[in-house]
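**Student:** Below is the file my_file34.txt, which contains compact mmCIF, C-alpha atoms.
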# COMPACT_ATOMS: atom_id res chain seq x y z
CA MET O 1 19.47 1.63 -19.06
CA ILE O 2 18.66 1.27 -22.77
CA LEU O 3 16.40 4.31 -22.64
CA GLU O 4 19.05 6.36 -20.85
CA ALA O 5 21.62 5.48 -23.50
CA ASN O 6 19.42 6.29 -26.50
CA LEU O 7 17.27 9.14 -25.17
CA PRO O 8 19.63 11.52 -23.37
CA GLY O 9 18.51 14.81 -21.84
CA LEU O 10 14.84 13.95 -21.44
CA ASN O 11 13.10 15.15 -18.29
CA GLY O 12 11.13 12.90 -15.99
CA PHE O 13 7.39 13.10 -15.43
CA SER O 14 6.18 16.45 -14.16
CA MET O 15 3.77 16.93 -11.26
CA PHE O 16 0.55 16.64 -13.27
CA GLU O 17 1.83 14.66 -16.26
CA LEU O 18 -0.52 11.76 -15.54
CA GLY O 19 -3.40 14.11 -14.74
CA LYS O 20 -4.30 14.38 -18.42
CA ILE O 21 -5.64 10.84 -18.22
CA GLY O 22 -6.09 10.39 -14.49
CA LEU O 23 -8.27 13.48 -13.86
CA PRO O 24 -11.11 12.51 -16.25
CA ILE O 25 -11.05 8.95 -14.88
CA ALA O 26 -11.14 10.28 -11.31
CA LEU O 27 -14.10 12.56 -12.09
CA VAL O 28 -16.05 9.69 -13.64
CA GLY O 29 -15.22 7.51 -10.63
CA ILE O 30 -16.38 10.17 -8.16
CA VAL O 31 -19.68 10.62 -9.98
CA TYR O 32 -20.14 6.84 -10.05
CA LEU O 33 -19.53 6.57 -6.29
CA PHE O 34 -21.98 9.36 -5.50
CA VAL O 35 -24.69 7.79 -7.65
CA PHE O 36 -24.29 4.09 -6.86
CA SER O 37 -22.44 3.86 -3.52
CA ASN O 38 -25.61 3.66 -1.41
CA LYS O 39 -26.92 0.79 -3.53
CA LEU O 40 -23.67 -1.16 -3.77
CA LEU O 41 -22.36 -0.50 -0.24
CA PRO O 42 -25.27 -0.17 2.19
CA ASP O 43 -24.36 1.26 5.57
CA SER O 44 -25.14 -1.85 7.60
CA ARG O 45 -21.71 -2.44 9.11
CA ASN O 46 -22.57 -1.48 12.67
CA GLU O 47 -25.84 -3.42 12.49
CA SER O 48 -24.03 -6.58 11.39
CA PHE O 49 -21.57 -6.21 14.23
CA ALA O 50 -24.41 -5.76 16.70
CA ASP O 51 -26.29 -8.79 15.38
CA GLU O 52 -23.21 -11.00 15.60
CA ALA O 53 -22.33 -9.71 19.04
CA ASP O 54 -25.76 -10.80 20.31
CA GLU O 55 -24.92 -14.43 19.62
CA ALA O 56 -24.34 -16.70 22.59
CA HIS O 57 -20.69 -16.24 23.53
CA PRO O 58 -18.66 -15.24 26.58
CA SER O 59 -19.34 -11.60 27.38
CA SER O 60 -15.60 -10.86 27.57
CA LEU O 61 -15.24 -11.46 23.81
CA HIS O 62 -16.59 -9.45 20.89
CA ILE O 63 -16.49 -9.48 17.11
CA VAL O 64 -13.39 -8.08 15.37
CA GLU O 65 -12.67 -7.96 11.64
CA ALA O 66 -9.01 -8.30 10.70
CA VAL O 67 -7.63 -7.87 7.17
CA ILE O 68 -4.49 -9.96 6.69
CA GLY O 69 -1.35 -8.01 5.79
CA ALA O 70 1.86 -9.00 4.04
CA ARG O 71 3.65 -9.72 7.34
CA PHE O 72 1.10 -12.24 8.57
CA PRO O 73 3.10 -15.44 9.30
CA GLY O 74 0.28 -17.78 8.28
CA ILE O 75 -0.03 -16.70 4.63
CA ASN O 76 -0.58 -19.65 2.25
CA LYS O 77 -1.24 -21.94 5.20
CA THR O 78 -4.51 -23.46 6.31
CA LEU O 79 -5.97 -22.42 9.64
CA GLY O 80 -5.42 -26.00 10.73
CA GLU O 81 -1.69 -25.71 10.03
CA PHE O 82 -1.47 -22.24 11.60
CA ASN O 83 -2.88 -22.14 15.12
CA PHE O 84 -4.39 -18.65 15.13
CA ALA O 85 -5.67 -18.87 18.70
CA ARG O 86 -2.23 -19.79 20.03
CA HIS O 87 -0.51 -16.95 18.14
CA TYR O 88 -3.01 -14.14 18.73
CA GLY O 89 -5.35 -15.24 21.50
CA ALA O 90 -8.46 -14.98 19.31
CA MET O 91 -10.75 -17.50 17.61
CA VAL O 92 -11.57 -17.39 13.91
CA LYS O 93 -15.32 -17.37 13.36
CA GLU O 94 -15.44 -16.70 9.62
CA VAL O 95 -13.10 -16.25 6.65
CA ARG O 96 -13.90 -13.92 3.74
CA SER O 97 -11.75 -14.51 0.69
CA GLY O 98 -12.26 -13.73 -3.00
CA GLY O 99 -15.86 -12.64 -2.45
CA GLN O 100 -16.71 -15.89 -0.66
CA ARG O 101 -17.63 -16.42 3.00
CA TYR O 102 -16.49 -19.55 4.81
CA THR O 103 -17.98 -20.53 8.15
CA GLN O 104 -17.63 -24.31 8.07
CA ASN O 105 -14.50 -26.50 8.16
CA LEU O 106 -12.30 -23.46 8.78
CA ASP O 107 -9.26 -25.62 9.50
CA THR O 108 -9.12 -26.51 5.80
CA ILE O 109 -9.27 -22.90 4.57
CA ARG O 110 -6.00 -21.52 3.18
CA VAL O 111 -5.58 -17.82 3.95
CA ASN O 112 -3.84 -15.23 1.80
CA GLU O 113 -2.88 -11.57 1.99
CA GLY O 114 -5.97 -9.37 1.80
CA ASP O 115 -8.37 -11.97 3.24
CA THR O 116 -10.66 -10.86 6.06
CA LEU O 117 -10.93 -12.86 9.27
CA VAL O 118 -13.95 -12.42 11.53
CA LEU O 119 -12.72 -13.13 15.05
CA TRP O 120 -13.90 -13.55 18.59
CA ALA O 121 -11.37 -11.47 20.51
CA ASP O 122 -11.08 -9.65 23.81
CA ASP O 123 -10.49 -5.95 24.44
CA THR O 124 -6.70 -6.27 24.21
CA PHE O 125 -6.61 -7.54 20.62
CA ILE O 126 -6.98 -4.22 18.77
CA PRO O 127 -4.62 -2.22 21.03
CA THR O 128 -2.00 -4.98 20.71
CA TRP O 129 -2.15 -5.56 16.95
CA GLY O 130 -3.72 -2.36 15.64
CA GLU O 131 -0.39 -0.68 14.86
CA SER O 132 1.41 -3.79 13.60
CA SER O 133 2.00 -4.69 9.96
CA VAL O 134 0.54 -8.18 10.50
CA PHE O 135 -2.97 -6.85 9.85
CA ILE O 136 -3.73 -4.05 7.40
CA MET O 137 -6.88 -3.02 9.22
CA LEU O 138 -8.73 -3.96 12.38
CA ALA O 139 -12.31 -2.99 13.15
CA ASN O 140 -14.87 -3.85 15.82
CA GLY O 141 -17.75 -1.69 14.60
CA SER O 142 -16.80 1.37 16.63
CA GLU O 143 -14.06 3.97 16.72
CA THR O 144 -10.98 2.59 18.49
CA GLU O 145 -9.16 5.93 18.65
CA PRO O 146 -10.47 9.35 19.66
CA PRO O 147 -10.66 11.85 16.78
CA ALA O 148 -7.63 14.07 16.37
CA PRO O 149 -7.89 17.68 17.61
CA ALA O 150 -9.01 20.25 15.06
CA LYS O 151 -5.63 22.01 15.23
CA LYS O 152 -3.82 18.81 14.27
CA ARG O 153 -6.22 18.10 11.41
CA TRP O 154 -5.78 21.60 9.96
CA PHE O 155 -2.02 21.30 10.31
CA ALA O 156 -2.05 17.99 8.40
CA LEU O 157 -4.19 19.58 5.68
CA GLY O 158 -1.73 22.49 5.47
CA LEU O 159 1.16 20.08 5.01
CA LEU O 160 -0.72 18.35 2.19
CA VAL O 161 -1.31 21.67 0.44
CA PHE O 162 2.35 22.63 0.99
CA MET O 163 3.53 19.36 -0.54
CA ILE O 164 1.37 19.61 -3.66
CA ALA O 165 1.91 23.34 -4.17
CA GLY O 166 5.67 23.02 -3.64
CA ALA O 167 6.00 20.19 -6.14
CA THR O 168 3.89 22.12 -8.66
CA ILE O 169 5.80 25.39 -8.33
CA GLY O 170 9.12 23.55 -8.27
CA GLU O 171 8.49 22.33 -11.82
CA LEU O 172 8.13 25.86 -13.20
CA PRO O 173 11.00 27.19 -15.38
CA PHE O 174 11.83 30.21 -13.20
CA MET O 175 12.28 27.93 -10.15
CA LYS O 176 14.66 25.71 -12.08
CA GLU O 177 16.66 28.78 -13.11
CA ARG O 178 16.68 30.15 -9.56
CA PHE O 179 17.78 26.85 -7.99
CA PRO O 180 19.94 25.11 -10.61
CA GLY O 181 20.98 21.60 -9.77
CA VAL O 182 18.20 21.15 -7.18
CA GLN O 183 15.35 18.77 -8.00
CA LEU O 184 12.29 20.47 -6.45
CA ASP O 185 10.04 17.56 -7.34
CA MET O 186 7.41 15.61 -5.43
CA PHE O 187 10.00 13.34 -3.84
CA PHE O 188 11.82 16.36 -2.37
CA PHE O 189 8.65 17.83 -0.83
CA VAL O 190 7.45 14.44 0.41
CA CYS O 191 10.73 14.09 2.32
CA ILE O 192 10.38 17.61 3.76
CA THR O 193 6.76 16.94 4.77
CA THR O 194 7.67 13.61 6.39
CA ILE O 195 10.43 15.24 8.42
CA ILE O 196 8.04 17.98 9.61
CA MET O 197 5.39 15.39 10.56
CA ALA O 198 7.91 13.33 12.52
CA TRP O 199 9.45 16.39 14.19
CA THR O 200 6.05 17.75 15.31
CA LYS O 201 4.87 14.23 16.33
CA LEU O 202 1.77 14.59 14.21
CA PHE O 203 1.27 10.81 14.32
CA PRO O 204 2.60 8.10 16.64
CA PRO O 205 5.94 6.64 15.43
CA LYS O 206 4.34 3.27 14.67
CA LYS O 207 2.09 4.92 12.07
CA TYR O 208 5.12 5.64 9.90
CA THR O 209 6.42 2.07 9.86
CA LYS O 210 3.22 0.02 9.77
CA TYR O 211 2.85 0.03 5.98
CA ILE O 212 6.55 -0.26 5.13
CA SER O 213 7.39 -3.62 3.56
CA TRP O 214 10.91 -4.11 4.81
CA ASP O 215 11.40 -7.26 2.74
CA ILE O 216 10.66 -5.25 -0.42
CA LEU O 217 13.12 -2.53 0.60
CA ILE O 218 15.82 -5.15 1.20
CA THR O 219 15.07 -6.67 -2.21
CA ILE O 220 15.40 -3.25 -3.88
CA ALA O 221 18.70 -2.59 -2.11
CA CYS O 222 20.05 -5.97 -3.25
CA ALA O 223 18.83 -5.25 -6.79
CA PHE O 224 20.89 -2.03 -6.86
CA ALA O 225 24.00 -3.98 -5.90
CA ILE O 226 23.36 -6.67 -8.52
CA SER O 227 22.65 -4.10 -11.25
CA LYS O 228 25.87 -2.24 -10.42
CA ALA O 229 27.82 -5.49 -10.64
CA MET O 230 26.21 -6.31 -14.00
CA GLU O 231 27.06 -2.83 -15.28
CA ASN O 232 30.68 -2.90 -14.11
CA SER O 233 31.27 -6.37 -15.50
CA GLY O 234 29.88 -5.43 -18.92
CA PHE O 235 27.16 -8.07 -18.76
CA ALA O 236 24.37 -5.45 -18.86
CA ALA O 237 25.78 -3.76 -21.99
CA LEU O 238 26.26 -7.14 -23.66
CA THR O 239 22.68 -8.17 -22.88
CA ALA O 240 21.27 -4.84 -24.12
CA SER O 241 23.26 -5.01 -27.37
CA TYR O 242 22.12 -8.57 -27.98
CA ILE O 243 18.44 -7.64 -27.43
CA ILE O 244 18.67 -4.62 -29.76
CA ASN O 245 20.40 -6.62 -32.51
CA LEU O 246 17.85 -9.38 -32.14
CA SER O 247 14.93 -6.96 -32.52
CA ASP O 248 16.27 -5.00 -35.50
CA SER O 249 14.46 -7.23 -37.96
CA LEU O 250 11.30 -7.57 -35.85
CA GLY O 251 10.36 -3.95 -35.01
CA THR O 252 9.57 -1.86 -31.94
CA TYR O 253 6.76 -4.03 -30.59
CA ALA O 254 8.99 -7.07 -30.71
CA LEU O 255 11.65 -5.14 -28.76
CA LEU O 256 9.10 -4.30 -26.04
CA ALA O 257 7.96 -7.92 -25.91
CA ILE O 258 11.55 -9.13 -25.61
CA ILE O 259 12.29 -6.63 -22.82
CA PHE O 260 9.15 -7.76 -20.99
CA ILE O 261 10.07 -11.44 -21.29
CA VAL O 262 13.71 -10.90 -20.27
CA THR O 263 12.66 -8.74 -17.31
CA ASN O 264 10.27 -11.41 -16.05
CA ILE O 265 12.91 -14.11 -16.45
CA LEU O 266 15.51 -12.09 -14.52
CA ARG O 267 12.95 -11.19 -11.87
CA ASN O 268 12.24 -14.86 -11.19
Do you think you could lay out the structure here as structure tokens?
**Tutor:**
Amino acid sequence: MILEANLPGLNGFSMFELGKIGLPIALVGIVYLFVFSNKLLPDSRNESFADEADEAHPSSLHIVEAVIGARFPGINKTLGEFNFARHYGAMVKEVRSGGQRYTQNLDTIRVNEGDTLVLWADDTFIPTWGESSVFIMLANGSETEPPAPAKKRWFALGLLVFMIAGATIGELPFMKERFPGVQLDMFFFVCITTIIMAWTKLFPPKKYTKYISWDILITIACAFAISKAMENSGFAALTASYIINLSDSLGTYALLAIIFIVTNILRN
């Protein structure tokens, strides 16, 4: 709000505004992955699954790796407090958290978002929970879904090219003159692409909602209402004026520090 009041008429970021920094970093990262990926990430995943599956255990169960998502109800609880077998019908064999592997005294291990659980589960576990937001990723060492047809893959690639090209061309001056008042930015073409994907049933409906954090969306919606109330009541303008007056004698860096501190206080 302070920036809008003092810097009127400025445009937002263009399509490739961050590419000036991001592109060189991306190129260096790609070269690094090509050179060192085989040494840092050996392709032994299927072998590890096979070795663990050979252990003495009922033949109806097999090894599954599950990465905990934000909607997992047992976050910040120990496995002893949260009965995983009762909730999901699978037994936790190992917990991988923060680069550490835990195989003993699992009931005392506190799990968090992003931790990996190695489970003994039956054939129904992945079909049941694979599309949910409880787990970010499930894997059993083999492909759980057949590959998409070539026509569908090419269509998805075409939509990606359409989205990027549309957002790029939409930022050009002649497009802004031809369509005044219309923001032909990335958000616009993302919405168009999403509608086309849903209309053509490119992916199952659950694919679109799995990674949506509904609690975050509700928080954002409530924040809009609170900010509007602060603006209408004059509290926002009063706070902004007080911060600016306070920073006049301290300089720009002090103003940024004050904004950062106030933002964190209001966020909490």
**Student:** For Ile68 of chain O, please output as a count of residues only all residues within 10 Å (counting all atoms listed in the file; exclusion window: fewer than 5 positions along the same chain).
**Tutor:** 16
**Student:** Leaving out segment 179-188 of chain O and any residue of its chain fewer than 3 positions from it, which residues lie within 10 Å of it when counting only C-alpha atoms, given as a list in words?
**Tutor:**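 Near segment 179-188 of chain O, the qualifying residues are Gly12, Phe13, Ser14, Met15, Met163, Ile164, Ala165, Gly166, Ala167, Thr168, Ile169, Gly170, Glu171, Leu172, Phe174, Met175, Lys176, Cys191, Ile192 and Thr193 of chain O.
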**Student:** Which residues are close to Phe82 of chain O, i.e. within 12 Å by all atoms listed in the file, leaving aside same-chain residues fewer than 2 positions away? Reply as a list of chain:residue names.
**Tutor:**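 Returned residues: O:Phe72, O:Pro73, O:Gly74, O:Ile75, O:Asn76, O:Lys77, O:Thr78, O:Leu79, O:Gly80, O:Phe84, O:Ala85, O:Arg86, O:His87, O:Tyr88, O:Val92, O:Leu106, O:Asp107, O:Thr108, O:Ile109, O:Arg110, O:Val111.
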**Student:** Of the residues O:Ile21, O:Ile258, O:Leu159, O:Ala26, which is the one nearest to Ile196 of chain O, using all atoms listed in the file?
**Tutor:**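 The answer is O:Leu159, which sits nearest to Ile196 of chain O.
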**Student:** Expressed in Å to a single decimal, how great is the separation between atom CA of Ala70 of chain O and atom CA of Asn264 of chain O?
**Tutor:**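 A separation of 21.9 Å between them.
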**Student:** Expressed in Å to a single decimal, how great is the separation between atom CA of Ala90 of chain O and atom CA of Leu61 of chain O?
**Tutor:**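 Result for atom CA of Ala90 of chain O versus atom CA of Leu61 of chain O: 8.9 Å, one decimal.
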**Student:** Hey, can you check how far atom CA of Thr263 of chain O sits from atom CA of Asp215 of chain O?
**Tutor:** 20.1 Å
**Student:** If we count only C-alpha atoms, what is near Ile226 of chain O at a cut-off of 12 Å, once residues fewer than 5 positions away on the same chain are taken out, given as a VMD selection string?
**Tutor:** chain O and resid 219 to 221 231 to 233 235 to 236 266 to 267
**Student:** Return the single residue from O:Gly158, O:Gly130, O:Gly98, O:Gly19 that is closest to Gly69 of chain O, with distances computed using only C-alpha atoms.
**Tutor:**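 Comparing O:Gly158, O:Gly130, O:Gly98, O:Gly19 against Gly69 of chain O, the winner is O:Gly130.
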**Student:** Would you kindly return, as a ChimeraX atom specification, each protein, DNA or RNA residue with an atom no farther than 7 Å from any atom of Val64 of chain O, considering only C-alpha atoms and excluding same-chain residues fewer than 6 positions away?
**Tutor:** /O:118-121,138-140
**Student:** Please return segment 59-92 of chain O, rebuilt to N, CA and C atoms, as a short mmCIF file (atom, residue, chain, number, x, y, z; two decimals), keeping the file's coordinate frame.
**Tutor:**
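Once everything was written out, this is out01.cif:
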data_model
loop_
_atom_site.label_atom_id
_atom_site.label_comp_id
_atom_site.auth_asym_id
_atom_site.auth_seq_id
_atom_site.Cartn_x
_atom_site.Cartn_y
_atom_site.Cartn_z
N SER O 59 -19.18 -13.05 27.45
CA SER O 59 -19.34 -11.60 27.38
C SER O 59 -18.01 -10.86 27.29
N SER O 60 -16.91 -11.52 27.63
CA SER O 60 -15.60 -10.86 27.57
C SER O 60 -15.07 -10.77 26.15
N LEU O 61 -15.70 -11.46 25.21
CA LEU O 61 -15.24 -11.46 23.81
C LEU O 61 -16.24 -10.69 22.94
N HIS O 62 -15.73 -10.14 21.84
CA HIS O 62 -16.59 -9.45 20.89
C HIS O 62 -16.05 -9.65 19.49
N ILE O 63 -16.84 -9.28 18.51
CA ILE O 63 -16.49 -9.48 17.11
C ILE O 63 -15.46 -8.45 16.67
N VAL O 64 -14.42 -8.94 15.97
CA VAL O 64 -13.39 -8.08 15.37
C VAL O 64 -13.14 -8.56 13.95
N GLU O 65 -13.06 -7.63 13.01
CA GLU O 65 -12.67 -7.96 11.64
C GLU O 65 -11.20 -7.59 11.45
N ALA O 66 -10.44 -8.52 10.91
CA ALA O 66 -9.01 -8.30 10.70
C ALA O 66 -8.66 -8.63 9.26
N VAL O 67 -8.07 -7.67 8.55
CA VAL O 67 -7.63 -7.87 7.17
C VAL O 67 -6.16 -8.27 7.21
N ILE O 68 -5.83 -9.40 6.62
CA ILE O 68 -4.49 -9.96 6.69
C ILE O 68 -3.52 -9.12 5.86
N GLY O 69 -2.39 -8.77 6.46
CA GLY O 69 -1.35 -8.01 5.79
C GLY O 69 -0.22 -8.90 5.29
N ALA O 70 0.76 -8.25 4.64
CA ALA O 70 1.86 -9.00 4.04
C ALA O 70 2.76 -9.67 5.06
N ARG O 71 2.77 -9.18 6.31
CA ARG O 71 3.65 -9.72 7.34
C ARG O 71 2.99 -10.81 8.17
N PHE O 72 1.78 -11.18 7.82
CA PHE O 72 1.10 -12.24 8.57
C PHE O 72 1.84 -13.56 8.36
N PRO O 73 2.25 -14.24 9.45
CA PRO O 73 3.10 -15.44 9.30
C PRO O 73 2.36 -16.66 8.78
N GLY O 74 1.02 -16.61 8.72
CA GLY O 74 0.28 -17.78 8.28
C GLY O 74 -0.19 -17.72 6.85
N ILE O 75 0.38 -16.82 6.04
CA ILE O 75 -0.03 -16.70 4.63
C ILE O 75 0.29 -18.00 3.89
N ASN O 76 -0.67 -18.42 3.05
CA ASN O 76 -0.58 -19.65 2.25
C ASN O 76 -0.59 -20.91 3.10
N LYS O 77 -1.05 -20.78 4.34
CA LYS O 77 -1.24 -21.94 5.20
C LYS O 77 -2.72 -22.06 5.54
N THR O 78 -3.14 -23.28 5.85
CA THR O 78 -4.51 -23.46 6.31
C THR O 78 -4.59 -23.08 7.79
N LEU O 79 -5.80 -22.77 8.23
CA LEU O 79 -5.97 -22.42 9.64
C LEU O 79 -5.70 -23.62 10.54
N GLY O 80 -5.80 -24.82 9.96
CA GLY O 80 -5.42 -26.00 10.73
C GLY O 80 -3.92 -26.10 10.93
N GLU O 81 -3.15 -25.69 9.92
CA GLU O 81 -1.69 -25.71 10.03
C GLU O 81 -1.18 -24.56 10.90
N PHE O 82 -1.89 -23.42 10.84
CA PHE O 82 -1.47 -22.24 11.60
C PHE O 82 -2.46 -22.03 12.74
N ASN O 83 -2.01 -22.25 13.95
CA ASN O 83 -2.88 -22.14 15.12
C ASN O 83 -3.08 -20.67 15.47
N PHE O 84 -4.16 -20.08 14.94
CA PHE O 84 -4.39 -18.65 15.13
C PHE O 84 -4.62 -18.31 16.59
N ALA O 85 -5.37 -19.15 17.30
CA ALA O 85 -5.67 -18.87 18.70
C ALA O 85 -4.40 -18.86 19.55
N ARG O 86 -3.47 -19.75 19.26
CA ARG O 86 -2.23 -19.79 20.03
C ARG O 86 -1.36 -18.58 19.76
N HIS O 87 -1.35 -18.08 18.50
CA HIS O 87 -0.51 -16.95 18.14
C HIS O 87 -1.09 -15.62 18.62
N TYR O 88 -2.42 -15.46 18.52
CA TYR O 88 -3.01 -14.14 18.73
C TYR O 88 -4.10 -14.11 19.80
N GLY O 89 -4.38 -15.24 20.42
CA GLY O 89 -5.35 -15.24 21.50
C GLY O 89 -6.76 -14.92 21.07
N ALA O 90 -7.12 -15.22 19.83
CA ALA O 90 -8.46 -14.98 19.31
C ALA O 90 -8.89 -16.18 18.48
N MET O 91 -10.21 -16.37 18.36
CA MET O 91 -10.75 -17.50 17.61
C MET O 91 -11.36 -17.03 16.31
N VAL O 92 -11.05 -17.74 15.23
CA VAL O 92 -11.57 -17.39 13.91
C VAL O 92 -13.00 -17.91 13.79
#
